[in-house]
>>> print(open('upload39.cif').read())   # mmCIF, C-alpha atoms
data_entry
loop_
_atom_site.label_atom_id
_atom_site.label_comp_id
_atom_site.auth_asym_id
_atom_site.auth_seq_id
_atom_site.Cartn_x
_atom_site.Cartn_y
_atom_site.Cartn_z
CA MET A 210 -4.16 -10.88 13.24
CA ASN A 211 -5.88 -8.00 11.47
CA VAL A 212 -7.58 -9.99 8.74
CA ARG A 213 -9.11 -7.38 6.47
CA LEU A 214 -11.58 -7.80 3.66
CA TRP A 215 -11.53 -5.85 0.41
CA GLU A 216 -13.66 -5.58 -2.68
CA LEU A 217 -12.34 -8.00 -5.26
CA GLY A 218 -10.18 -6.21 -7.83
CA GLU A 219 -11.30 -2.76 -6.74
CA TYR A 220 -9.06 0.19 -5.95
CA PHE A 221 -9.65 3.79 -5.02
CA GLY A 222 -9.18 6.26 -7.83
CA PRO A 223 -7.04 9.42 -7.67
CA GLU A 224 -9.93 11.20 -5.99
CA GLY A 225 -9.60 8.95 -2.95
CA GLN A 226 -8.71 10.28 0.47
CA LEU A 227 -5.30 8.63 0.60
CA PRO A 228 -2.35 10.10 -1.31
CA THR A 229 -1.26 8.30 -4.45
CA LEU A 230 2.39 9.17 -3.91
CA ILE A 231 3.84 8.35 -0.51
CA ASP A 232 7.22 8.47 1.17
CA PRO A 233 8.58 4.89 1.00
CA ASP A 234 9.50 5.17 4.68
CA TRP A 235 5.81 5.13 5.50
CA ILE A 236 5.61 1.47 4.46
CA GLN A 237 5.23 -0.73 7.55
CA GLY A 238 5.31 -4.26 6.18
CA HIS A 239 4.17 -6.78 3.64
CA LEU A 240 0.61 -7.93 3.26
CA ALA A 241 -0.51 -11.40 2.30
CA LEU A 242 -3.52 -11.57 0.02
CA THR A 243 -5.81 -14.31 -1.14
CA MET A 244 -9.34 -14.57 -2.42
CA VAL A 245 -12.01 -15.96 -0.10
CA THR A 246 -15.73 -16.52 -0.41
CA LEU A 247 -18.17 -15.24 2.19
CA GLY A 248 -21.68 -16.11 3.20
CA ARG A 249 -24.31 -18.28 1.63
CA ASP A 250 -24.24 -16.28 -1.58
CA ARG A 251 -20.54 -17.10 -1.90
CA THR A 252 -19.44 -13.51 -2.39
CA LYS A 253 -15.83 -13.36 -3.46
CA VAL A 254 -13.60 -10.83 -1.75
CA TRP A 255 -9.92 -10.30 -1.11
CA ALA A 256 -8.60 -11.04 2.37
CA THR A 257 -5.29 -9.71 3.61
CA VAL A 258 -3.24 -10.31 6.72
CA ASP A 259 -0.17 -8.58 8.07
CA LEU A 260 2.61 -10.94 7.15
CA GLU A 261 4.74 -10.06 10.16
CA LYS A 262 1.95 -11.01 12.52
CA VAL A 263 1.40 -14.26 10.63
CA ARG A 264 5.05 -15.17 11.12
CA ILE A 265 4.78 -14.50 14.83
CA SER A 266 1.74 -16.76 15.07
CA VAL A 267 3.38 -19.54 13.06
CA THR A 268 6.36 -19.45 15.40
CA GLY A 269 3.95 -20.21 18.22
CA GLY A 270 3.26 -23.64 16.75
CA VAL A 271 -0.48 -23.30 16.65
CA HIS A 272 -2.82 -25.58 14.71
CA TYR A 273 -4.79 -24.00 11.91
CA SER A 274 -7.83 -24.99 9.97
CA ASP A 275 -7.38 -25.85 6.33
CA LYS A 276 -8.88 -22.59 5.16
CA TYR A 277 -6.78 -20.53 7.45
CA TYR A 278 -3.61 -22.39 6.58
CA THR A 279 -4.39 -21.73 2.93
CA VAL A 280 -4.15 -18.02 3.60
CA ILE A 281 -0.78 -18.39 5.26
CA ASN A 282 0.60 -20.84 2.77
CA HIS A 283 -0.36 -18.59 -0.10
CA THR A 284 1.60 -15.70 1.27
CA LEU A 285 4.69 -17.54 2.35
CA SER A 286 5.16 -19.41 -0.89
CA MET B 553 7.28 9.17 -16.49
CA SER B 554 3.66 8.85 -17.50
CA SER B 555 1.47 11.93 -17.78
CA ASP B 556 -0.65 10.78 -14.87
CA THR B 557 2.35 10.26 -12.61
CA TYR B 558 3.83 13.59 -13.72
CA ARG B 559 0.68 15.49 -12.83
CA THR B 560 0.29 13.61 -9.55
CA LEU B 561 3.90 14.42 -8.70
CA ALA B 562 3.30 18.14 -9.29
CA ASP B 563 0.18 18.07 -7.10
CA THR B 564 2.02 16.14 -4.39
CA ILE B 565 4.97 18.53 -4.27
CA CYS B 566 2.67 21.56 -4.15
CA SER B 567 0.69 19.97 -1.33
CA ARG B 568 3.63 18.75 0.70
CA TYR B 569 5.96 21.69 0.11
CA PRO B 570 3.76 24.78 -0.25
CA GLY B 571 6.84 27.01 -0.06
CA THR B 572 8.17 25.57 -3.33
CA PRO B 573 5.26 25.65 -5.78
CA VAL B 574 5.72 23.82 -9.07
CA HIS B 575 3.63 23.28 -12.16
CA CYS B 576 3.60 20.92 -15.11
CA ARG B 577 5.41 22.23 -18.17
CA SER B 578 2.27 21.97 -20.23
CA ASP B 579 0.37 24.19 -17.78
CA ARG B 580 0.46 27.91 -17.24
CA SER B 581 1.98 28.95 -13.94
CA VAL B 582 -0.63 30.12 -11.44
CA LEU B 583 1.85 31.48 -8.90
CA CYS B 584 4.60 33.89 -9.86
CA ASN B 585 7.25 31.92 -7.97
CA SER B 586 6.20 28.53 -9.35
CA ILE B 587 8.79 26.64 -11.34
CA PRO B 588 8.20 24.18 -14.19
CA LEU B 589 8.67 20.62 -13.03
CA GLU B 590 11.24 18.37 -14.66
CA ARG B 591 9.66 15.33 -16.23
CA SER B 592 12.50 12.88 -15.70
CA ALA B 593 12.93 10.64 -12.68
CA THR B 594 14.85 7.48 -11.86
CA PHE B 595 12.64 4.44 -11.44
CA PHE B 596 13.63 1.45 -9.33
CA GLU B 597 12.50 -2.14 -9.27
CA TYR B 598 12.49 -2.32 -5.49
CA VAL B 599 13.37 -0.53 -2.30
CA VAL B 600 14.68 -2.00 0.97
CA ILE B 601 13.19 -0.62 4.18
CA ASP B 602 14.23 -2.00 7.56
CA GLY B 603 15.75 -4.99 5.80
CA LYS B 604 12.58 -5.83 3.90
CA ARG B 605 12.41 -5.62 0.14
CA TYR B 606 9.36 -4.06 -1.49
CA SER B 607 8.97 -4.33 -5.26
CA ALA B 608 7.24 -2.00 -7.68
CA SER B 609 4.65 -4.22 -9.36
CA ARG B 610 4.29 -2.14 -12.50
CA THR B 611 8.05 -2.21 -13.02
CA VAL B 612 8.78 -5.86 -12.24
CA GLY B 613 5.51 -7.27 -13.59
CA SER B 614 4.46 -9.02 -10.39
CA ASN B 615 2.84 -7.88 -7.16
CA ARG B 616 4.35 -10.67 -5.08
CA SER B 617 6.32 -8.26 -2.86
CA SER B 618 4.28 -5.16 -3.55
CA LEU B 619 1.30 -5.49 -1.21
CA VAL B 620 1.85 -3.27 1.77
CA HIS B 621 0.53 -1.80 4.98
CA VAL B 622 1.27 1.92 5.15
CA ILE B 623 0.97 4.39 8.00
CA ILE B 624 0.52 7.95 6.80
CA PRO B 625 1.84 10.29 9.50
CA GLY B 626 -0.38 12.98 10.92
CA THR B 627 -2.92 13.53 13.64
CA PRO B 628 -4.39 11.05 13.65
CA GLN B 629 -2.24 8.60 11.73
CA ILE B 630 -3.98 6.95 8.82
CA HIS B 631 -3.54 3.27 7.99
CA GLY B 632 -3.60 2.37 4.31
CA TYR B 633 -3.44 -0.98 2.53
CA GLY B 634 -2.58 -1.36 -1.11
CA GLU B 635 -0.13 -2.18 -3.86
CA VAL B 636 3.11 -0.37 -4.69
CA LEU B 637 3.07 0.30 -8.45
CA GLU B 638 6.21 2.37 -8.95
CA ILE B 639 9.17 3.54 -6.90
CA PHE B 640 11.13 6.53 -8.12
CA GLN B 641 13.58 9.19 -7.09
CA PHE B 642 13.10 12.74 -8.28
CA ASN B 643 15.51 15.68 -8.11
CA LEU B 644 13.70 18.86 -7.18
CA VAL B 645 15.76 21.91 -8.14
CA PHE B 646 14.62 25.13 -6.57
CA SER B 647 16.55 28.38 -6.03
CA SER B 648 19.89 26.77 -6.97
CA SER B 649 19.46 24.04 -4.35
CA GLU B 650 18.62 20.46 -5.17
CA SER B 651 16.66 17.97 -3.10
CA GLN B 652 16.33 14.26 -3.72
CA LEU B 653 12.76 13.13 -3.20
CA TRP B 654 11.71 9.49 -3.05
CA PHE B 655 8.20 8.39 -3.84
CA ALA B 656 6.23 5.17 -3.99
CA GLN B 657 3.09 5.23 -6.09
CA VAL B 658 0.38 3.19 -4.42
CA ARG B 659 -3.10 2.10 -5.41
CA TRP B 660 -5.27 1.55 -2.38
CA PHE B 661 -7.61 -1.33 -1.72
CA LYS B 662 -11.27 -0.55 -1.32
CA ALA B 663 -12.73 -1.94 1.90
CA TRP B 664 -15.45 -4.54 1.52
CA PRO B 665 -18.60 -2.96 2.99
CA GLY B 666 -20.53 -6.13 3.73
CA GLU B 667 -21.14 -7.84 7.02
CA ARG B 668 -18.44 -10.06 8.41
CA GLU B 669 -17.68 -12.18 11.42
CA TYR B 670 -15.27 -10.53 13.79
CA ILE B 671 -13.75 -13.76 15.07
CA TRP B 672 -10.64 -12.88 13.05
CA ASP B 673 -10.01 -9.76 15.08
CA GLU B 674 -9.64 -11.88 18.20
CA LEU B 675 -7.49 -14.48 16.50
CA CYS B 676 -4.27 -13.64 18.32
CA VAL B 677 -6.00 -14.34 21.65
CA SER B 678 -7.68 -17.54 20.51
CA LEU B 679 -4.49 -18.91 18.99
CA THR B 680 -3.16 -19.82 22.41
CA GLN B 681 -5.01 -23.13 22.00
CA PRO B 682 -5.56 -25.33 18.95
CA THR B 683 -8.40 -23.75 17.06
CA LEU B 684 -10.61 -24.58 14.12
CA LEU B 685 -11.63 -21.47 12.22
CA PHE B 686 -13.92 -20.81 9.32
CA ILE B 687 -14.84 -17.76 7.32
CA TYR B 688 -18.56 -17.25 6.79
#
>>> encode(input="upload39.cif", output="structure tokens")
Amino acid sequence: MNVRLWELGEYFGPEGQLPTLIDPDWIQGHLALTMVTLGRDRTKVWATVDLEKVRISVTGGVHYSDKYYTVINHTLS
Amino acid sequence: MSSDTYRTLADTICSRYPGTPVHCRSDRSVLCNSIPLERSATFFEYVVIDGKRYSASRTVGSNRSSLVHVIIPGTPQIHGYGEVLEIFQFNLVFSSSESQLWFAQVRWFKAWPGEREYIWDELCVSLTQPTLLFIY
């Protein structure tokens, strides 16, 4: 599923290792993003999933928890 | 095009095409064969790749279709995750020949460095049966 966590509202600057300008053909797919809270201190972070993989999983007719479904519902809306 | 994008474009072309050095018009040429870079480009609201539409968030005012997974070719390949801000096409004129270059300007997410549960990495396997999942 490749759920990935990111610092809330933070981006690399121009000095980052990745190029700022890319060839559009390098884009592989859409990401879904939502904010989640982690741990007992309720740290807020961004969570993303690969939308193509989410669609494949949904097709499988699997049950999801409320939290997990929230992630999917957010991206498909 | 903004000054930042213009300078980034010059750096990108010099890096990607070392045989055709360019420089910003406001700068002094460092190499004798460097040419001043045009400042005009055509900006687009979206681009369609493999039937999927990706929008430029800065242009359309929404990032709804702008969050992307990118694979930067090379050895090894690098995976990047971020937001497409602008999409533009630039005509590079060099030695009487003209090339159309397409670019997407991306700002990259910064990975969260804290501890996390790795149950999500195994999710595809565990989804074969009804599952209750939580993030802690």
>>> resolve_selection(input="upload39.cif", expression="the PyMOL selection byres ((chain A) within 6 of (chain B))", output="list in words")
Met210, Asn211, Leu214, Trp215, Glu216, Glu219, Tyr220, Phe221, Thr229, Leu230, Ile231, Asp232, Pro233, Trp235, Ile236, Gln237, Gly238, His239, Leu240, Leu247, Gly248, Val271, His272 and Ser274 of chain A
>>> resolve_selection(input="upload39.cif", expression="the PyMOL selection byres ((chain B and resi 645) around 12)", output="list in words")
Ile565, Thr572, Pro573, Val574, Ser586, Ile587, Pro588, Leu589, Glu590, Phe642, Asn643, Leu644, Phe646, Ser647, Ser648, Ser649, Glu650, Ser651, Gln652 and Leu653 of chain B
>>> residues_around(input="upload39.cif", residues="A:Ala256", least_positions_apart="6", cutoff="7 Å", atoms="only C-alpha atoms", output="PyMOL selection string")
chain A and resi 212-215+242-245
>>> atom_distance(input="upload39.cif", atom1="atom CA of B:Arg568", atom2="atom CA of B:Arg591")
18.3 Å
>>> atom_distance(input="upload39.cif", atom1="atom CA of A:Val254", atom2="atom CA of A:Leu227")
21.3 Å
>>> atom_distance(input="upload39.cif", atom1="atom CA of B:Asn585", atom2="atom CA of B:Ser567")
15.2 Å
>>> resolve_selection(input="upload39.cif", expression="the PyMOL selection byres ((chain B and resi 593) around 6)", output="number ranges by chain")
B: 592, 594, 641-642
>>> write_last_selection(input="upload39.cif", atoms="C-alpha atoms", output="mmCIF file, in the coordinates of the input")
data_model
loop_
_atom_site.group_PDB
_atom_site.id
_atom_site.type_symbol
_atom_site.label_atom_id
_atom_site.label_comp_id
_atom_site.auth_asym_id
_atom_site.auth_seq_id
_atom_site.Cartn_x
_atom_site.Cartn_y
_atom_site.Cartn_z
ATOM 1 C CA SER B 592 12.500 12.880 -15.700
ATOM 2 C CA THR B 594 14.850 7.480 -11.860
ATOM 3 C CA GLN B 641 13.580 9.190 -7.090
ATOM 4 C CA PHE B 642 13.100 12.740 -8.280
#
